[in-house]
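Trainee: Here you go, one structure.
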Amino acid sequence: MNLILLGPPGAGKGTQAKKLTDERGLVQLSTGDMLRAEVASGSALGVEAKKIMDAGQLVSDAIVIGMIDGRTDKPDTAKGVIFDGFPRTVAQAEALDAMLAKKGKKIDAVIELKVDDAALIERISGRFTCAKCGTGYHDKFARPKKDGICDKCGSTEFTRRADDNAETVKARLVAYRQQTAPILPYYQAKGLLHSVDGMAAMPEVAGQIDRALDGVKG
Ligand code: ADP
Ligand code: ADP
Ligand code: ZN
């Protein structure tokens, strides 16, 4: 089964993608994570992407399409993929359909997480991640069981994203509305769109996604 998790920054895409990965054996493909790895490696692509990410804008379609094309050739994606943060423009959605068709694959469902702006800003400003294993946390909504220690791996080092600040978040929300929201009707027209109430607590959102996927073959 190949899924897309769609929603504004901070909606809970990464959180739900990790859960689906654990429960359904799907591979999470996050273009944001891939781009941050490029930034950390200091590659030419990373240096270029960092400026755009820090401004809260979208990197070029060609770059992310190229990354996803290469990644979906790897054998670990055969059982299914969760696209997290991709596609983000209609051009990316069209390119994804074309590239999957060439590989004999397709998108089986698109899950939209609906969250209002005030909640997004609160979620993003409290977000942090284990530096070692990548588990996501939140100052208010998802604290580690023991303060300062990762539940999953025991690490005591955490990171906060450079672009998770009030000013950049505003630009990211504008980019979502202007460039990403137009892909909702694209998938609606294909009968693939399932919208869930992303304002609910994490387990409830997961339950809604499970119910939406019950009827989906793939
Ligand atoms: P995205 O990948 O869409 O940007 P994340 O999954 O990183 O979003 O979630 C953003 C922040 O909000 C994280 O700190 C996460 O722990 C928290 N979060 C995710 N889902 C919920 C929820 N349903 N209720 C409250 N907080 C949430
Ligand atoms: P979010 O928490 O906003 O959903 P991501 O980790 O998905 O964040 O993305 C972080 C940044 O990486 C974006 O603001 C954008 O600059 C860049 N980015 C990630 N995915 C894409 C994409 N599919 N197309 C263009 N830019 C992207
Ligand atoms: Zn950890």
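Scheme for the structure tokens: letters A, B, ... for chains in order shown; per-chain residue numbers from 1; ligand numbers from 1 in order shown.
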Pick out the residues sitting within 12 Å of A:Ile149, and hand them over as a PyMOL selection string; count only C-alpha atoms, and ignore anything fewer than 3 positions along from it in its own chain.

Mentor: chain A and resi 129-133+135+137+143-146+152-158

Trainee: Generate the output file for the selected residues, N, CA, C and O atoms, as an mmCIF file, in the first residue's frame.

Mentor:
data_model
loop_
_atom_site.group_PDB
_atom_site.id
_atom_site.type_symbol
_atom_site.label_atom_id
_atom_site.label_comp_id
_atom_site.auth_asym_id
_atom_site.auth_seq_id
_atom_site.Cartn_x
_atom_site.Cartn_y
_atom_site.Cartn_z
ATOM 1 N N THR A 129 13.168 16.728 18.921
ATOM 2 C CA THR A 129 13.430 15.388 18.390
ATOM 3 C C THR A 129 14.659 14.800 19.059
ATOM 4 O O THR A 129 15.616 15.525 19.335
ATOM 5 N N CYS A 130 14.641 13.505 19.313
ATOM 6 C CA CYS A 130 15.848 12.840 19.824
ATOM 7 C C CYS A 130 16.942 12.928 18.763
ATOM 8 O O CYS A 130 16.719 12.576 17.602
ATOM 9 N N ALA A 131 18.116 13.402 19.165
ATOM 10 C CA ALA A 131 19.210 13.597 18.219
ATOM 11 C C ALA A 131 19.754 12.254 17.724
ATOM 12 O O ALA A 131 20.357 12.166 16.662
ATOM 13 N N LYS A 132 19.521 11.173 18.516
ATOM 14 C CA LYS A 132 20.124 9.891 18.157
ATOM 15 C C LYS A 132 19.181 9.033 17.313
ATOM 16 O O LYS A 132 19.566 8.514 16.278
ATOM 17 N N CYS A 133 17.915 8.883 17.744
ATOM 18 C CA CYS A 133 17.015 7.958 17.031
ATOM 19 C C CYS A 133 15.895 8.655 16.279
ATOM 20 O O CYS A 133 15.131 7.999 15.570
ATOM 21 N N THR A 135 13.137 10.035 17.344
ATOM 22 C CA THR A 135 11.789 10.034 17.926
ATOM 23 C C THR A 135 11.344 11.474 18.193
ATOM 24 O O THR A 135 12.113 12.281 18.710
ATOM 25 N N TYR A 137 9.062 14.520 19.892
ATOM 26 C CA TYR A 137 8.442 14.870 21.178
ATOM 27 C C TYR A 137 7.818 16.258 21.103
ATOM 28 O O TYR A 137 8.019 16.990 20.127
ATOM 29 N N ARG A 143 5.736 14.622 26.070
ATOM 30 C CA ARG A 143 7.008 14.710 26.799
ATOM 31 C C ARG A 143 7.597 13.313 26.971
ATOM 32 O O ARG A 143 6.841 12.338 27.079
ATOM 33 N N PRO A 144 8.922 13.191 27.016
ATOM 34 C CA PRO A 144 9.507 11.890 27.358
ATOM 35 C C PRO A 144 9.029 11.474 28.757
ATOM 36 O O PRO A 144 8.735 12.332 29.588
ATOM 37 N N LYS A 145 8.949 10.159 29.009
ATOM 38 C CA LYS A 145 8.465 9.680 30.316
ATOM 39 C C LYS A 145 9.337 10.225 31.444
ATOM 40 O O LYS A 145 8.841 10.626 32.492
ATOM 41 N N LYS A 146 10.677 10.188 31.210
ATOM 42 C CA LYS A 146 11.595 10.834 32.170
ATOM 43 C C LYS A 146 12.178 12.054 31.489
ATOM 44 O O LYS A 146 12.768 11.934 30.402
ATOM 45 N N LYS A 152 12.824 5.906 23.781
ATOM 46 C CA LYS A 152 13.114 4.789 22.885
ATOM 47 C C LYS A 152 14.557 4.324 22.988
ATOM 48 O O LYS A 152 14.821 3.124 23.001
ATOM 49 N N CYS A 153 15.516 5.276 23.079
ATOM 50 C CA CYS A 153 16.924 4.865 22.988
ATOM 51 C C CYS A 153 17.764 5.326 24.185
ATOM 52 O O CYS A 153 18.942 4.998 24.283
ATOM 53 N N GLY A 154 17.164 6.103 25.098
ATOM 54 C CA GLY A 154 17.907 6.511 26.290
ATOM 55 C C GLY A 154 18.829 7.696 26.095
ATOM 56 O O GLY A 154 19.488 8.141 27.045
ATOM 57 N N SER A 155 18.896 8.228 24.892
ATOM 58 C CA SER A 155 19.780 9.375 24.642
ATOM 59 C C SER A 155 19.328 10.600 25.447
ATOM 60 O O SER A 155 18.151 10.748 25.765
ATOM 61 N N THR A 156 20.287 11.462 25.772
ATOM 62 C CA THR A 156 19.953 12.686 26.502
ATOM 63 C C THR A 156 20.127 13.921 25.626
ATOM 64 O O THR A 156 20.114 15.040 26.108
ATOM 65 N N GLU A 157 20.336 13.670 24.316
ATOM 66 C CA GLU A 157 20.505 14.809 23.404
ATOM 67 C C GLU A 157 19.312 14.959 22.479
ATOM 68 O O GLU A 157 18.857 13.995 21.856
ATOM 69 N N PHE A 158 18.830 16.179 22.417
ATOM 70 C CA PHE A 158 17.655 16.476 21.600
ATOM 71 C C PHE A 158 17.955 17.666 20.703
ATOM 72 O O PHE A 158 18.851 18.451 20.997
#

Trainee: Run DSSP on the backbone of this structure and report the residues of chain A it assigns to alpha helix (DSSP H), as JSON, numbers by chain.

Mentor: {"A": [13, 14, 15, 16, 17, 18, 19, 20, 21, 22, 23, 24, 31, 32, 33, 34, 35, 36, 37, 38, 39, 40, 41, 44, 45, 46, 47, 48, 49, 50, 51, 52, 53, 54, 61, 62, 63, 64, 65, 66, 67, 68, 69, 70, 71, 90, 91, 92, 93, 94, 95, 96, 97, 98, 99, 100, 101, 102, 117, 118, 119, 120, 121, 122, 123, 124, 125, 166, 167, 168, 169, 170, 171, 172, 173, 174, 175, 183, 184, 185, 186, 187, 188, 189, 202, 203, 204, 205, 206, 207, 208, 209, 210, 211, 212, 213, 214]}

Trainee: Could I get the residue neighbourhood of ligand 1 at 9 Å, counting only C-alpha atoms and all ligand atoms, as a PyMOL selection string?

Mentor: chain A and resi 5-18+30+32+84-85+113+115+119-120+122-129+136-143+197-206

Trainee: Return the single residue from A:Gly25, A:Asp163, A:Thr77, A:Gln178 that is closest to ligand 2, with distances computed using only C-alpha atoms and all ligand atoms.

Mentor: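 For ligand 2, the nearest of the given residues is A:Asp163.
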
Trainee: What is the distance, in Å and to one decimal place, between atom CA of A:Pro185 and atom CA of A:Asp54?

Mentor: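 So the answer is 28.7 Å.
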
Trainee: Using only C-alpha atoms, which of A:Glu112, A:Leu213, A:Ala118, A:Lys170 sits nearest A:Val196?

Mentor: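 The closest residue to A:Val196 is A:Glu112.
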
Trainee: If we count only C-alpha atoms, what is near A:Lys51 at a cut-off of 12 Å, once residues fewer than 4 positions away on the same chain are taken out, given as a PDB file with all heavy atoms, in the first residue's frame?

Mentor:
ATOM      1  N   LEU A  35      16.071  16.250   2.992  1.00  0.00           N
ATOM      2  CA  LEU A  35      16.729  17.542   2.780  1.00  0.00           C
ATOM      3  C   LEU A  35      17.577  17.922   3.990  1.00  0.00           C
ATOM      4  O   LEU A  35      18.685  18.438   3.843  1.00  0.00           O
ATOM      5  CB  LEU A  35      15.685  18.626   2.493  1.00  0.00           C
ATOM      6  CG  LEU A  35      15.015  18.531   1.114  1.00  0.00           C
ATOM      7  CD1 LEU A  35      13.766  19.417   1.050  1.00  0.00           C
ATOM      8  CD2 LEU A  35      16.000  18.941   0.016  1.00  0.00           C
ATOM      9  N   ARG A  36      17.067  17.641   5.219  1.00  0.00           N
ATOM     10  CA  ARG A  36      17.880  17.958   6.413  1.00  0.00           C
ATOM     11  C   ARG A  36      19.143  17.113   6.454  1.00  0.00           C
ATOM     12  O   ARG A  36      20.200  17.568   6.919  1.00  0.00           O
ATOM     13  CB  ARG A  36      17.034  17.797   7.696  1.00  0.00           C
ATOM     14  CG  ARG A  36      16.111  19.015   7.943  1.00  0.00           C
ATOM     15  CD  ARG A  36      15.364  18.912   9.265  1.00  0.00           C
ATOM     16  NE  ARG A  36      14.327  17.892   9.222  1.00  0.00           N
ATOM     17  CZ  ARG A  36      13.108  18.073   8.700  1.00  0.00           C
ATOM     18  NH1 ARG A  36      12.764  19.244   8.193  1.00  0.00           N
ATOM     19  NH2 ARG A  36      12.231  17.090   8.700  1.00  0.00           N
ATOM     20  N   VAL A  39      21.528  18.868   4.235  1.00  0.00           N
ATOM     21  CA  VAL A  39      22.056  20.059   4.906  1.00  0.00           C
ATOM     22  C   VAL A  39      23.161  19.642   5.884  1.00  0.00           C
ATOM     23  O   VAL A  39      24.254  20.222   5.904  1.00  0.00           O
ATOM     24  CB  VAL A  39      20.930  20.824   5.639  1.00  0.00           C
ATOM     25  CG1 VAL A  39      21.511  21.934   6.511  1.00  0.00           C
ATOM     26  CG2 VAL A  39      19.920  21.401   4.642  1.00  0.00           C
ATOM     27  N   ALA A  44      26.543  20.236  -1.761  1.00  0.00           N
ATOM     28  CA  ALA A  44      26.166  21.442  -2.513  1.00  0.00           C
ATOM     29  C   ALA A  44      24.645  21.604  -2.501  1.00  0.00           C
ATOM     30  O   ALA A  44      24.125  22.703  -2.300  1.00  0.00           O
ATOM     31  CB  ALA A  44      26.688  21.339  -3.940  1.00  0.00           C
ATOM     32  N   LEU A  45      23.954  20.479  -2.694  1.00  0.00           N
ATOM     33  CA  LEU A  45      22.484  20.521  -2.662  1.00  0.00           C
ATOM     34  C   LEU A  45      21.984  21.003  -1.294  1.00  0.00           C
ATOM     35  O   LEU A  45      21.073  21.821  -1.194  1.00  0.00           O
ATOM     36  CB  LEU A  45      21.944  19.111  -2.953  1.00  0.00           C
ATOM     37  CG  LEU A  45      20.472  18.901  -3.290  1.00  0.00           C
ATOM     38  CD1 LEU A  45      20.272  17.541  -3.943  1.00  0.00           C
ATOM     39  CD2 LEU A  45      19.571  19.035  -2.087  1.00  0.00           C
ATOM     40  N   GLY A  46      22.638  20.512  -0.240  1.00  0.00           N
ATOM     41  CA  GLY A  46      22.255  20.901   1.116  1.00  0.00           C
ATOM     42  C   GLY A  46      22.457  22.388   1.387  1.00  0.00           C
ATOM     43  O   GLY A  46      21.603  23.032   2.004  1.00  0.00           O
ATOM     44  N   VAL A  47      23.583  22.907   0.907  1.00  0.00           N
ATOM     45  CA  VAL A  47      23.883  24.341   1.113  1.00  0.00           C
ATOM     46  C   VAL A  47      22.810  25.191   0.430  1.00  0.00           C
ATOM     47  O   VAL A  47      22.296  26.157   0.994  1.00  0.00           O
ATOM     48  CB  VAL A  47      25.299  24.684   0.570  1.00  0.00           C
ATOM     49  CG1 VAL A  47      25.531  26.187   0.569  1.00  0.00           C
ATOM     50  CG2 VAL A  47      26.369  23.955   1.389  1.00  0.00           C
ATOM     51  N   ALA A  55      14.036  30.115   4.946  1.00  0.00           N
ATOM     52  CA  ALA A  55      13.092  31.181   4.592  1.00  0.00           C
ATOM     53  C   ALA A  55      11.645  30.660   4.593  1.00  0.00           C
ATOM     54  O   ALA A  55      10.715  31.417   4.359  1.00  0.00           O
ATOM     55  CB  ALA A  55      13.443  31.748   3.221  1.00  0.00           C
ATOM     56  N   GLY A  56      11.472  29.361   4.825  1.00  0.00           N
ATOM     57  CA  GLY A  56      10.115  28.790   4.864  1.00  0.00           C
ATOM     58  C   GLY A  56       9.502  28.605   3.498  1.00  0.00           C
ATOM     59  O   GLY A  56       8.293  28.453   3.371  1.00  0.00           O
ATOM     60  N   GLN A  57      10.361  28.600   2.469  1.00  0.00           N
ATOM     61  CA  GLN A  57       9.843  28.410   1.108  1.00  0.00           C
ATOM     62  C   GLN A  57      10.073  26.976   0.645  1.00  0.00           C
ATOM     63  O   GLN A  57      10.750  26.207   1.329  1.00  0.00           O
ATOM     64  CB  GLN A  57      10.522  29.404   0.164  1.00  0.00           C
ATOM     65  CG  GLN A  57      10.030  30.816   0.441  1.00  0.00           C
ATOM     66  CD  GLN A  57      10.930  31.881  -0.142  1.00  0.00           C
ATOM     67  OE1 GLN A  57      11.930  31.590  -0.788  1.00  0.00           O
ATOM     68  NE2 GLN A  57      10.573  33.122   0.115  1.00  0.00           N
ATOM     69  N   LEU A  58       9.523  26.640  -0.508  1.00  0.00           N
ATOM     70  CA  LEU A  58       9.677  25.285  -1.030  1.00  0.00           C
ATOM     71  C   LEU A  58      10.918  25.190  -1.915  1.00  0.00           C
ATOM     72  O   LEU A  58      11.151  26.070  -2.751  1.00  0.00           O
ATOM     73  CB  LEU A  58       8.447  24.879  -1.847  1.00  0.00           C
ATOM     74  CG  LEU A  58       7.118  24.803  -1.103  1.00  0.00           C
ATOM     75  CD1 LEU A  58       6.018  24.270  -2.038  1.00  0.00           C
ATOM     76  CD2 LEU A  58       7.220  23.923   0.140  1.00  0.00           C
ATOM     77  N   VAL A  59      11.683  24.126  -1.752  1.00  0.00           N
ATOM     78  CA  VAL A  59      12.800  23.888  -2.667  1.00  0.00           C
ATOM     79  C   VAL A  59      12.220  23.449  -4.016  1.00  0.00           C
ATOM     80  O   VAL A  59      11.037  23.125  -4.120  1.00  0.00           O
ATOM     81  CB  VAL A  59      13.818  22.853  -2.123  1.00  0.00           C
ATOM     82  CG1 VAL A  59      14.294  23.230  -0.737  1.00  0.00           C
ATOM     83  CG2 VAL A  59      13.224  21.462  -2.102  1.00  0.00           C
ATOM     84  N   ALA A 162      15.825  24.451  13.009  1.00  0.00           N
ATOM     85  CA  ALA A 162      16.106  25.878  12.804  1.00  0.00           C
ATOM     86  C   ALA A 162      14.890  26.605  12.234  1.00  0.00           C
ATOM     87  O   ALA A 162      14.678  27.787  12.507  1.00  0.00           O
ATOM     88  CB  ALA A 162      17.295  26.038  11.846  1.00  0.00           C
ATOM     89  N   ASP A 163      14.074  25.893  11.447  1.00  0.00           N
ATOM     90  CA  ASP A 163      12.941  26.573  10.799  1.00  0.00           C
ATOM     91  C   ASP A 163      11.669  26.529  11.648  1.00  0.00           C
ATOM     92  O   ASP A 163      10.624  27.012  11.231  1.00  0.00           O
ATOM     93  CB  ASP A 163      12.677  25.994   9.400  1.00  0.00           C
ATOM     94  CG  ASP A 163      12.338  24.511   9.408  1.00  0.00           C
ATOM     95  OD1 ASP A 163      12.593  23.831  10.429  1.00  0.00           O
ATOM     96  OD2 ASP A 163      11.816  24.016   8.396  1.00  0.00           O
ATOM     97  N   THR A 168       9.377  31.952  10.474  1.00  0.00           N
ATOM     98  CA  THR A 168       9.452  31.002   9.360  1.00  0.00           C
ATOM     99  C   THR A 168       8.165  30.207   9.238  1.00  0.00           C
ATOM    100  O   THR A 168       7.725  29.878   8.137  1.00  0.00           O
ATOM    101  CB  THR A 168      10.660  30.055   9.550  1.00  0.00           C
ATOM    102  OG1 THR A 168      11.801  30.862   9.776  1.00  0.00           O
ATOM    103  CG2 THR A 168      10.895  29.193   8.343  1.00  0.00           C
TER     104      THR A 168
END

Trainee: When you look at A:Val64 with a cut-off of 9 Å (counting only C-alpha atoms), what residues show up, excluding the ones that are within fewer than 2 positions of it in the same chain? I need them as a list in words.

Mentor: Thr31, Met34, Leu35, Val59, Ser60, Asp61, Ala62, Gly66, Met67, Ile68, Asp69, Phe86, Pro87 and Gln92 of chain A

Trainee: Hey, can you spit out that residue selection with all heavy atoms as a compact mmCIF listing (two decimals), in the first residue's frame?

Mentor:
# COMPACT_ATOMS: atom_id res chain seq x y z
N THR A 31 10.57 13.97 2.55
CA THR A 31 11.50 14.83 1.81
C THR A 31 12.14 15.86 2.74
O THR A 31 13.28 16.25 2.53
CB THR A 31 10.78 15.53 0.63
OG1 THR A 31 9.49 15.97 1.04
CG2 THR A 31 10.65 14.60 -0.55
N MET A 34 15.00 14.03 4.29
CA MET A 34 16.06 13.83 3.28
C MET A 34 16.82 15.14 3.05
O MET A 34 18.05 15.13 2.94
CB MET A 34 15.45 13.39 1.94
CG MET A 34 14.89 11.99 1.96
SD MET A 34 14.12 11.66 0.34
CE MET A 34 13.33 10.11 0.70
N LEU A 35 16.07 16.25 2.99
CA LEU A 35 16.73 17.54 2.78
C LEU A 35 17.58 17.92 3.99
O LEU A 35 18.69 18.44 3.84
CB LEU A 35 15.69 18.63 2.49
CG LEU A 35 15.01 18.53 1.11
CD1 LEU A 35 13.77 19.42 1.05
CD2 LEU A 35 16.00 18.94 0.02
N VAL A 59 11.68 24.13 -1.75
CA VAL A 59 12.80 23.89 -2.67
C VAL A 59 12.22 23.45 -4.02
O VAL A 59 11.04 23.12 -4.12
CB VAL A 59 13.82 22.85 -2.12
CG1 VAL A 59 14.29 23.23 -0.74
CG2 VAL A 59 13.22 21.46 -2.10
N SER A 60 13.05 23.44 -5.05
CA SER A 60 12.50 23.25 -6.40
C SER A 60 11.91 21.85 -6.56
O SER A 60 12.37 20.87 -5.97
CB SER A 60 13.59 23.48 -7.45
OG SER A 60 14.43 22.35 -7.52
N ASP A 61 10.88 21.79 -7.40
CA ASP A 61 10.25 20.51 -7.70
C ASP A 61 11.27 19.49 -8.20
O ASP A 61 11.26 18.33 -7.79
CB ASP A 61 9.16 20.70 -8.78
CG ASP A 61 7.93 21.45 -8.25
OD1 ASP A 61 7.70 21.42 -7.02
OD2 ASP A 61 7.21 22.04 -9.07
N ALA A 62 12.18 19.93 -9.09
CA ALA A 62 13.14 19.00 -9.69
C ALA A 62 13.98 18.30 -8.62
O ALA A 62 14.23 17.10 -8.71
CB ALA A 62 14.04 19.75 -10.67
N GLY A 66 13.57 14.29 -7.94
CA GLY A 66 14.76 13.46 -8.17
C GLY A 66 15.08 12.58 -6.96
O GLY A 66 15.40 11.40 -7.10
N MET A 67 14.96 13.16 -5.75
CA MET A 67 15.25 12.38 -4.53
C MET A 67 14.27 11.22 -4.39
O MET A 67 14.65 10.10 -4.05
CB MET A 67 15.16 13.29 -3.28
CG MET A 67 16.28 14.32 -3.20
SD MET A 67 16.41 15.16 -1.58
CE MET A 67 14.73 15.52 -1.22
N ILE A 68 12.99 11.51 -4.62
CA ILE A 68 11.95 10.48 -4.45
C ILE A 68 12.07 9.41 -5.54
O ILE A 68 11.89 8.21 -5.27
CB ILE A 68 10.54 11.14 -4.47
CG1 ILE A 68 10.31 11.94 -3.17
CG2 ILE A 68 9.45 10.09 -4.65
CD1 ILE A 68 10.17 11.12 -1.90
N ASP A 69 12.41 9.81 -6.75
CA ASP A 69 12.56 8.85 -7.85
C ASP A 69 13.64 7.84 -7.50
O ASP A 69 13.44 6.63 -7.62
CB ASP A 69 12.89 9.62 -9.14
CG ASP A 69 12.64 8.78 -10.38
OD1 ASP A 69 12.08 7.67 -10.25
OD2 ASP A 69 13.02 9.23 -11.48
N PHE A 86 5.57 15.11 0.93
CA PHE A 86 5.70 15.05 -0.53
C PHE A 86 4.48 14.33 -1.07
O PHE A 86 4.10 13.32 -0.47
CB PHE A 86 6.97 14.29 -0.93
CG PHE A 86 7.15 14.15 -2.42
CD1 PHE A 86 7.83 15.11 -3.16
CD2 PHE A 86 6.60 13.06 -3.10
CE1 PHE A 86 7.97 14.98 -4.53
CE2 PHE A 86 6.74 12.94 -4.47
CZ PHE A 86 7.43 13.89 -5.18
N PRO A 87 3.84 14.75 -2.14
CA PRO A 87 4.10 15.96 -2.92
C PRO A 87 3.58 17.23 -2.23
O PRO A 87 2.72 17.17 -1.38
CB PRO A 87 3.32 15.69 -4.21
CG PRO A 87 2.20 14.81 -3.81
CD PRO A 87 2.72 13.96 -2.69
N GLN A 92 4.56 18.30 -8.46
CA GLN A 92 5.14 17.13 -7.78
C GLN A 92 4.14 15.96 -7.79
O GLN A 92 4.53 14.80 -7.96
CB GLN A 92 5.50 17.48 -6.33
CG GLN A 92 6.70 18.41 -6.22
CD GLN A 92 7.02 18.78 -4.78
OE1 GLN A 92 6.68 18.06 -3.84
NE2 GLN A 92 7.68 19.92 -4.58

Trainee: Using only C-alpha atoms and all ligand atoms, which of A:Gln188, A:Gln179, A:Thr21, A:Ser41 sits nearest ligand 2?

Mentor: A:Gln179

Trainee: Among the residues of stretch 5-218 of chain A, find those DSSP assigns to strand (DSSP E or B) from the backbone and print them as a PyMOL selection string.

Mentor: chain A and resi 5-6+27-30+81-84+109-114+127-130+136-138+142+146+149+158-159+193-197

Trainee: Given only C-alpha atoms as the basis, pick out the residue of A:Thr159, A:Thr89, A:Asn165, A:Ser195 nearest to A:Thr180.

Mentor: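 Smallest distance to A:Thr180 is found for A:Thr89.
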
Trainee: Which residue, A:Gly134, A:Pro75, A:Gly80, A:Gly104, has the smallest gap to ligand 3 when you use only C-alpha atoms and all ligand atoms?

Mentor: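 Of A:Gly134, A:Pro75, A:Gly80, A:Gly104, the one nearest ligand 3, counting only C-alpha atoms and all ligand atoms, is A:Gly134.
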
Trainee: Using only C-alpha atoms and all ligand atoms, pick whichever of A:Gly42, A:Gly215, A:Gly70, A:Gly148 has the shortest atom-to-atom distance to ligand 3.

Mentor: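 Distance minimum relative to ligand 3 lands on A:Gly148.
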
Trainee: Find the distance between atom CA of A:Leu29 and atom 27 (C, counted along the ligand's line) of ligand 2 and write it in Å to one decimal.

Mentor: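 So the two atoms, atom CA of A:Leu29 and atom 27 (C, counted along the ligand's line) of ligand 2, lie 12.2 Å apart.
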
Trainee: So what do you get for atom CA of A:Ile52 versus atom CA of A:Ala181, distance-wise?

Mentor: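 Atom-to-atom, atom CA of A:Ile52 and atom CA of A:Ala181 are spaced 19.6 Å apart.
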